[in-house]
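Data block for start01.txt (compact mmCIF, C-alpha atoms and all ligand atoms):
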# COMPACT_ATOMS: atom_id res chain seq x y z
CA MET T 340 0.00 0.00 0.00
CA ASN T 341 1.41 3.34 -0.98
CA ALA T 342 1.10 5.50 2.12
CA CYS T 343 1.60 8.65 0.07
CA ASN T 344 -1.17 8.01 -2.42
CA PRO T 345 -3.88 10.49 -1.48
CA VAL T 346 -6.62 8.38 -3.00
CA ASN T 347 -5.88 5.05 -1.40
CA SER T 348 -4.05 6.22 1.64
CA ASP T 349 -6.30 6.20 4.65
CA ILE T 350 -5.71 5.62 8.32
CA SER T 351 -7.83 2.49 8.15
CA MET T 352 -5.52 0.84 5.65
CA ASN T 353 -2.96 0.31 8.35
CA ALA T 354 -4.38 -2.71 10.07
CA ASP T 355 -2.05 -3.86 12.84
CA ASN T 356 -0.87 -7.29 11.82
CA PRO T 357 -4.11 -9.22 11.60
CA THR T 358 -3.70 -12.72 12.95
CA THR T 359 -5.55 -15.81 11.88
CA THR T 360 -6.94 -16.71 15.29
CA ALA T 361 -9.62 -14.74 17.05
CA THR T 362 -8.71 -13.88 20.61
CA LEU T 363 -10.61 -12.39 23.49
CA LEU T 364 -11.19 -8.67 23.62
CA ASN T 365 -8.29 -6.56 24.80
CA ILE T 366 -10.13 -4.42 27.35
CA ARG T 367 -8.46 -1.34 28.79
CA LYS T 368 -9.99 -0.31 32.12
CA ILE T 369 -10.30 3.39 32.82
CA THR T 370 -11.66 5.13 35.90
CA LEU T 371 -12.88 8.66 35.45
CA GLU T 372 -13.40 10.53 38.70
CA ILE T 373 -15.85 13.35 38.20
CA GLY T 374 -17.82 13.16 41.44
CA ILE T 375 -21.17 11.70 40.34
CA GLU T 376 -23.60 10.13 42.78
CA HIS T 377 -24.29 6.86 40.94
CA PRO T 378 -21.34 5.25 39.15
CA LEU T 379 -21.70 4.75 35.41
CA LYS T 380 -20.01 2.03 33.41
CA LEU T 381 -19.48 2.77 29.74
CA PHE T 382 -18.12 0.24 27.27
CA HIS T 383 -16.32 1.94 24.44
CA ILE T 384 -15.51 0.50 21.04
CA CYS T 385 -14.83 1.97 17.60
CA ASP T 386 -13.39 1.08 14.21
CA ASN T 387 -14.87 -2.36 13.55
CA HIS T 388 -14.58 -1.68 9.81
CA LEU T 389 -17.16 -4.24 8.74
CA ALA T 390 -16.64 -4.73 5.02
CA PHE T 391 -19.39 -7.04 3.80
CA THR T 392 -21.06 -7.09 0.41
CA ASP T 393 -23.56 -9.40 -1.24
CA GLU T 394 -25.19 -9.90 -4.64
CA ARG T 395 -27.14 -6.66 -4.32
CA ASP T 396 -23.86 -4.70 -4.43
CA ASN T 397 -22.07 -4.13 -7.70
CA GLU T 398 -18.86 -5.81 -8.76
CA ARG T 399 -16.70 -2.84 -7.87
CA LYS T 400 -18.01 -2.94 -4.32
CA GLN T 401 -17.56 -6.69 -4.07
CA GLU T 402 -13.92 -6.31 -5.12
CA LEU T 403 -13.49 -3.57 -2.54
CA SER T 404 -14.92 -5.89 0.10
CA LYS T 405 -12.32 -8.58 -0.64
CA LYS T 406 -9.48 -6.09 -0.45
CA ARG T 407 -10.68 -4.41 2.70
CA ARG T 408 -11.56 -7.61 4.54
CA TRP T 409 -8.10 -8.95 3.80
CA SER T 410 -6.62 -5.73 5.14
CA PHE T 411 -8.53 -5.89 8.42
CA GLU T 412 -9.03 -9.58 9.14
CA ARG T 413 -7.13 -11.63 6.56
CA ASP T 414 -9.10 -14.86 6.15
CA THR T 415 -10.79 -14.69 9.56
CA ASN T 416 -14.19 -13.34 10.46
CA ARG T 417 -12.86 -11.45 13.42
CA CYS T 418 -14.35 -8.00 12.70
CA ILE T 419 -17.88 -9.24 13.29
CA GLN T 420 -16.78 -11.68 16.01
CA TYR T 421 -15.18 -8.91 18.04
CA LEU T 422 -18.27 -6.77 17.54
CA ASP T 423 -20.47 -9.58 18.87
CA GLU T 424 -18.13 -10.10 21.82
CA ALA T 425 -18.13 -6.40 22.61
CA ILE T 426 -21.93 -6.16 22.47
CA ASN T 427 -22.24 -9.18 24.77
CA TYR T 428 -19.66 -7.88 27.18
CA SER T 429 -21.35 -4.50 27.34
CA LYS T 430 -24.77 -6.05 27.91
CA ASN T 431 -23.47 -8.19 30.75
CA ASN T 432 -21.10 -5.79 32.45
CA CYS T 433 -21.84 -2.17 31.61
CA ASP T 434 -24.64 0.40 31.59
CA LEU T 435 -24.20 1.60 28.04
CA LEU T 436 -22.25 0.81 24.89
CA ILE T 437 -20.64 3.87 23.39
CA HIS T 438 -19.27 3.74 19.87
CA THR T 439 -17.16 6.39 18.18
CA GLY T 440 -17.49 5.42 14.56
CA ASP T 441 -16.19 3.42 11.64
CA LEU T 442 -18.47 0.54 12.60
CA ILE T 443 -18.70 -0.04 8.87
CA ASP T 444 -15.89 0.42 6.38
CA PHE T 445 -18.10 1.58 3.51
CA VAL T 446 -21.75 1.82 2.53
CA SER T 447 -23.10 -1.50 1.28
CA TRP T 448 -26.36 -3.35 1.71
CA PRO T 449 -25.13 -5.89 4.26
CA ASN T 450 -22.98 -3.34 6.12
CA ILE T 451 -25.92 -1.01 6.69
CA GLU T 452 -28.22 -3.90 7.59
CA THR T 453 -25.67 -5.44 9.96
CA ALA T 454 -25.15 -2.09 11.70
CA ALA T 455 -28.89 -1.66 12.22
CA GLN T 456 -29.39 -5.26 13.28
CA LYS T 457 -26.42 -5.68 15.64
CA LEU T 458 -27.15 -2.41 17.42
CA GLY T 459 -30.90 -2.77 17.13
CA ASN T 460 -31.37 -4.76 20.31
CA ILE T 461 -29.06 -2.88 22.62
CA ASP T 462 -28.90 0.53 24.16
CA TYR T 463 -26.01 2.53 22.78
CA PHE T 464 -24.83 6.03 21.95
CA PHE T 465 -22.97 6.69 18.74
CA ALA T 466 -20.57 9.20 17.20
CA VAL T 467 -20.14 8.76 13.46
CA GLY T 468 -16.83 8.06 11.71
CA ASN T 469 -15.54 9.00 8.28
CA HIS T 470 -16.05 5.47 6.94
CA GLU T 471 -19.77 5.42 7.72
CA TYR T 472 -20.26 7.71 4.73
CA SER T 473 -17.61 6.20 2.51
CA LYS T 474 -18.96 4.66 -0.67
CA TYR T 475 -15.78 3.24 -2.17
CA VAL T 476 -13.06 4.18 0.39
CA GLY T 477 -10.90 7.01 -0.84
CA GLU T 478 -12.59 7.51 -4.19
CA ALA T 479 -13.36 11.17 -3.57
CA PHE T 480 -12.37 14.08 -1.36
CA GLU T 481 -14.54 13.82 1.73
CA ASP T 482 -16.58 16.97 2.20
CA ILE T 483 -20.16 17.78 3.17
CA VAL T 484 -21.43 17.18 -0.37
CA TYR T 485 -19.88 13.71 -0.38
CA LYS T 486 -21.24 13.01 3.10
CA MET T 487 -24.78 14.05 2.18
CA SER T 488 -24.76 11.76 -0.85
CA SER T 489 -25.06 8.75 1.47
CA TYR T 490 -26.52 10.38 4.59
CA HIS T 491 -30.07 9.27 3.72
CA ILE T 492 -28.90 5.64 3.72
CA VAL T 493 -26.62 5.81 6.76
CA GLN T 494 -28.62 7.86 9.28
CA PRO T 495 -31.62 5.46 9.46
CA ALA T 496 -29.30 2.62 10.56
CA PHE T 497 -28.43 4.45 13.80
CA LYS T 498 -30.57 5.52 16.75
CA ASN T 499 -29.14 8.96 17.44
CA ASN T 500 -28.56 11.96 15.21
CA LEU T 501 -25.21 11.62 13.52
CA PHE T 502 -24.27 15.31 13.34
CA PHE T 503 -24.80 16.08 17.00
CA SER T 504 -26.56 14.32 19.85
CA SER T 505 -26.74 14.47 23.61
CA ARG T 506 -28.02 12.18 26.27
CA ILE T 507 -28.04 12.45 30.06
CA ILE T 508 -27.41 9.25 31.98
CA ASN T 509 -26.71 9.01 35.74
CA GLY T 510 -26.21 12.77 35.84
CA VAL T 511 -23.59 12.72 33.05
CA ASN T 512 -24.27 14.42 29.74
CA LEU T 513 -22.89 12.35 26.87
CA VAL T 514 -22.43 14.55 23.83
CA SER T 515 -21.55 13.10 20.43
CA VAL T 516 -20.26 15.35 17.67
CA ASP T 517 -19.42 14.43 14.08
CA ASN T 518 -15.86 15.65 13.47
CA SER T 519 -15.04 12.77 11.16
CA TYR T 520 -13.91 15.07 8.32
CA TYR T 521 -11.54 16.91 10.71
CA ASN T 522 -13.82 19.89 11.31
CA PHE T 523 -16.69 21.19 13.40
CA ASP T 524 -19.31 23.56 12.00
CA GLU T 525 -21.25 26.53 13.35
CA ASN T 526 -24.36 24.51 14.18
CA GLN T 527 -22.34 22.08 16.23
CA LEU T 528 -20.72 24.95 18.13
CA GLU T 529 -24.13 26.47 18.93
CA GLN T 530 -25.50 23.08 19.98
CA PHE T 531 -22.45 22.43 22.13
CA LYS T 532 -22.90 25.80 23.87
CA ALA T 533 -26.51 24.80 24.62
CA GLU T 534 -25.24 21.56 26.20
CA ILE T 535 -22.86 23.53 28.40
CA GLY T 536 -25.87 25.61 29.46
CA LYS T 537 -27.56 22.49 30.85
CA GLY T 538 -24.94 22.38 33.61
CA TYR T 539 -24.20 18.66 33.73
CA PRO T 540 -20.69 17.20 33.57
CA ILE T 541 -19.99 16.29 29.95
CA ILE T 542 -18.21 13.38 28.29
CA LEU T 543 -17.64 14.13 24.63
CA LEU T 544 -17.67 11.39 22.01
CA MET T 545 -16.12 12.03 18.63
CA HIS T 546 -14.41 9.93 16.00
CA ASN T 547 -11.26 11.95 15.40
CA PRO T 548 -9.00 12.89 18.31
CA LEU T 549 -8.18 16.53 18.97
CA TYR T 550 -4.60 17.69 18.56
CA THR T 551 -2.20 17.49 21.46
CA LYS T 552 1.54 17.81 20.98
CA ASP T 553 2.36 14.39 22.42
CA LEU T 554 -0.24 12.67 20.25
CA TYR T 555 1.12 14.49 17.19
CA ASP T 556 4.64 13.32 18.12
CA GLU T 557 3.38 9.78 18.63
CA LEU T 558 2.08 9.71 15.06
CA ILE T 559 4.81 11.67 13.30
CA ILE T 560 7.93 10.69 15.26
CA ASN T 561 7.23 7.30 16.83
CA ARG T 562 4.94 5.85 14.20
CA LYS T 563 6.52 7.74 11.31
CA ARG T 564 3.19 8.64 9.70
CA ASP T 565 2.99 11.31 7.03
CA CYS T 566 0.46 13.29 9.08
CA ALA T 567 -1.11 13.16 12.54
CA PHE T 568 -4.80 12.49 11.69
CA VAL T 569 -5.93 14.89 14.42
CA VAL T 570 -8.40 17.78 14.52
CA GLY T 571 -7.06 21.27 15.18
CA CYS T 572 -3.43 20.66 14.31
CA PRO T 573 -1.49 23.98 14.34
CA GLU T 574 -0.73 25.05 10.79
CA SER T 575 2.95 25.40 11.62
CA LEU T 576 3.09 21.66 12.31
CA MET T 577 1.49 20.79 8.98
CA ALA T 578 4.34 22.08 6.86
CA GLN T 579 5.46 18.59 5.84
CA TYR T 580 1.92 17.37 5.12
CA SER T 581 1.15 16.57 1.50
CA GLU T 582 -1.21 18.96 -0.22
CA TYR T 583 -3.98 16.39 0.10
CA ARG T 584 -3.43 15.80 3.81
CA TYR T 585 -3.18 19.53 4.47
CA ARG T 586 -6.48 20.17 2.70
CA GLN T 587 -8.09 17.21 4.47
CA GLN T 588 -6.90 18.07 7.98
CA TYR T 589 -6.71 21.88 7.90
CA ALA T 590 -8.80 23.27 10.75
CA THR T 591 -11.31 25.95 9.74
CA PRO T 592 -11.70 29.08 11.90
CA ILE T 593 -14.96 27.64 13.34
CA THR T 594 -13.16 24.42 14.22
CA ARG T 595 -10.45 26.35 16.06
CA GLU T 596 -13.16 28.38 17.82
CA PHE T 597 -14.96 25.18 18.83
CA ILE T 598 -11.76 23.82 20.35
CA ARG T 599 -10.92 27.14 22.08
CA TYR T 600 -14.42 27.22 23.58
CA LEU T 601 -14.25 23.57 24.59
CA GLU T 602 -10.91 24.10 26.32
CA GLN T 603 -12.51 26.75 28.57
CA GLN T 604 -15.29 24.48 29.81
CA SER T 605 -14.70 22.92 33.21
CA LEU T 606 -17.87 20.86 32.69
CA VAL T 607 -16.11 18.84 29.99
CA LYS T 608 -14.56 15.94 31.86
CA ALA T 609 -13.23 13.73 29.07
CA ILE T 610 -13.14 13.18 25.33
CA ILE T 611 -13.53 9.65 23.97
CA THR T 612 -12.29 9.02 20.44
CA GLY T 613 -11.06 6.41 17.95
CA HIS T 614 -9.89 6.60 14.33
CA LEU T 615 -6.20 5.94 15.03
CA HIS T 616 -6.58 2.20 15.74
CA PHE T 617 -4.26 2.18 18.76
CA ASN T 618 -4.88 2.91 22.44
CA TYR T 619 -3.66 6.26 23.63
CA GLU T 620 -4.28 8.69 26.49
CA THR T 621 -3.45 12.35 26.35
CA VAL T 622 -4.41 15.58 28.08
CA LEU T 623 -5.44 18.84 26.42
CA PRO T 624 -3.64 21.99 27.61
CA SER T 625 -6.69 22.85 29.73
CA GLY T 626 -6.40 19.53 31.58
CA ILE T 627 -9.25 17.73 29.78
CA LYS T 628 -8.38 14.05 29.35
CA GLN T 629 -8.67 12.50 25.92
CA PHE T 630 -8.81 8.74 25.39
CA VAL T 631 -8.25 7.05 22.05
CA THR T 632 -9.40 3.43 21.89
CA GLY T 633 -7.73 1.09 19.42
CA GLY T 634 -9.50 -0.64 16.56
CA SER T 635 -12.25 -3.05 17.49
CA TYR T 636 -11.33 -5.06 14.36
CA ASN T 637 -8.24 -5.88 16.41
CA GLY T 638 -10.17 -6.60 19.63
CA TYR T 639 -9.52 -3.30 21.41
CA ALA T 640 -12.14 -1.90 23.78
CA SER T 641 -12.25 0.37 26.83
CA GLU T 642 -14.34 -0.09 29.94
CA ILE T 643 -14.80 3.35 31.45
CA THR T 644 -16.04 3.56 35.02
CA VAL T 645 -17.27 7.03 35.79
CA VAL T 646 -17.50 7.81 39.51
FE FE T 701 -11.66 6.66 10.93
Can you dump the structure from the file as structure tokens?
Amino acid sequence: MNACNPVNSDISMNADNPTTTATLLNIRKITLEIGIEHPLKLFHICDNHLAFTDERDNERKQELSKKRRWSFERDTNRCIQYLDEAINYSKNNCDLLIHTGDLIDFVSWPNIETAAQKLGNIDYFFAVGNHEYSKYVGEAFEDIVYKMSSYHIVQPAFKNNLFFSSRIINGVNLVSVDNSYYNFDENQLEQFKAEIGKGYPIILLMHNPLYTKDLYDELIINRKRDCAFVVGCPESLMAQYSEYRYRQQYATPITREFIRYLEQQSLVKAIITGHLHFNYETVLPSGIKQFVTGGSYNGYASEITVV
């Protein structure tokens, strides 16, 4: 895979050494102390990258399915197996499943149906990923026009609004925001301000992590990636990005305003994200903790106990 090819190069193409045997979930346990009366157990997964097709999908999509399934699970069926395991574990051990996107790898009949069916019988809260709207993975620049071309198919498969949603549980306000194309918009900022106005402690769910210097260094220096795949990266640190990556990950003024506003809010207790496919913990300059959970296609999950 050519990591520099802007069309085919995507974070999801870098599956971490898929093995041929399914193993148990790799559950990271996190305790978040925010001073709530009744503890809340959240089970977090993301990035399952289901890549099914059937005879209703065209040949191009069926070819894509073969390629992508090989990339994420070789000749196993582990993407769906880990999803089933995670749903079971959450049902038996936690109050709520939270998912931060890329449940599916691209829009196809069986992917959309599987998403609706697997999540249909459980309580969950969802933040959408870039792949939910992907039709052929990397075939076009991902902007709002591209997103809206499959929105009418994708949204009905999920129970909460994909652009912005909130939900109060055990005195904690879970807020999910679509930042899967590396930006926030004005509506989301206004809606987020309204959530702050409610006065509850907030846990934010979003697909793409926000920039922190150590996370940037982890990607660029330690993992030697060509960009950091984060939202709100300072322009000065994007100098070596390709033109495509710069355009993709450049933070608009509203996005920077969203992050500035967010950083000032003591009600925001944590940010839960995915997209990068490895576990990571970082802290924003304001002290807000940000957790990245690794790819569920690889068995990663986080059990977050909020007390
Ligand atoms: Fe992603």
Hey, could you make a per-residue contact list for chain T against ligand FE 701 (chain T) with 9 Å as the cut-off, showing the nearest pair of atoms and its distance in Å to one decimal, counting all atoms listed in the file, sorted by chain and number, as a Markdown table?
| residue | atom | partner | partner_atom | distance |
| --- | --- | --- | --- | --- |
| T:Asp349 | CA | T:FE701 | FE | 8.3 |
| T:Ile350 | CA | T:FE701 | FE | 6.6 |
| T:Ser351 | CA | T:FE701 | FE | 6.3 |
| T:Cys385 | CA | T:FE701 | FE | 8.7 |
| T:Asp386 | CA | T:FE701 | FE | 6.7 |
| T:His388 | CA | T:FE701 | FE | 8.9 |
| T:Gly440 | CA | T:FE701 | FE | 7.0 |
| T:Asp441 | CA | T:FE701 | FE | 5.6 |
| T:Asp444 | CA | T:FE701 | FE | 8.8 |
| T:Gly468 | CA | T:FE701 | FE | 5.4 |
| T:Asn469 | CA | T:FE701 | FE | 5.2 |
| T:His470 | CA | T:FE701 | FE | 6.1 |
| T:Glu471 | CA | T:FE701 | FE | 8.8 |
| T:Ser519 | CA | T:FE701 | FE | 7.0 |
| T:His546 | CA | T:FE701 | FE | 6.6 |
| T:Asn547 | CA | T:FE701 | FE | 6.9 |
| T:Gly613 | CA | T:FE701 | FE | 7.1 |
| T:His614 | CA | T:FE701 | FE | 3.8 |
| T:Leu615 | CA | T:FE701 | FE | 6.9 |
| T:His616 | CA | T:FE701 | FE | 8.3 |
Handout entry: Separation of CA of Arg408 (chain T) from CA of Tyr475 (chain T), in Å and rounded to one decimal
Key =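 Distance between the two atoms: 13.4 Å.
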Handout entry: CA of Pro540 (chain T) to CA of Tyr600 (chain T), distance in Å rounded to a single decimal
Key = 15.5 Å
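Closest approach to Ile426 (chain T) from the set T:Ala390, T:Leu442, T:Ala466, T:Ile461 is made by T:Ile461, with distances taken over only C-alpha atoms.
Going from CA of Leu554 (chain T) over to CA of Leu528 (chain T), you cover 24.0 Å.
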Practice task
Please identify all polymer residues within 12 Å of Glu582 (chain T), counting all atoms listed in the file, omitting same-chain residues fewer than 2 positions from it, and present them as a count of residues only.
Solution key: 15
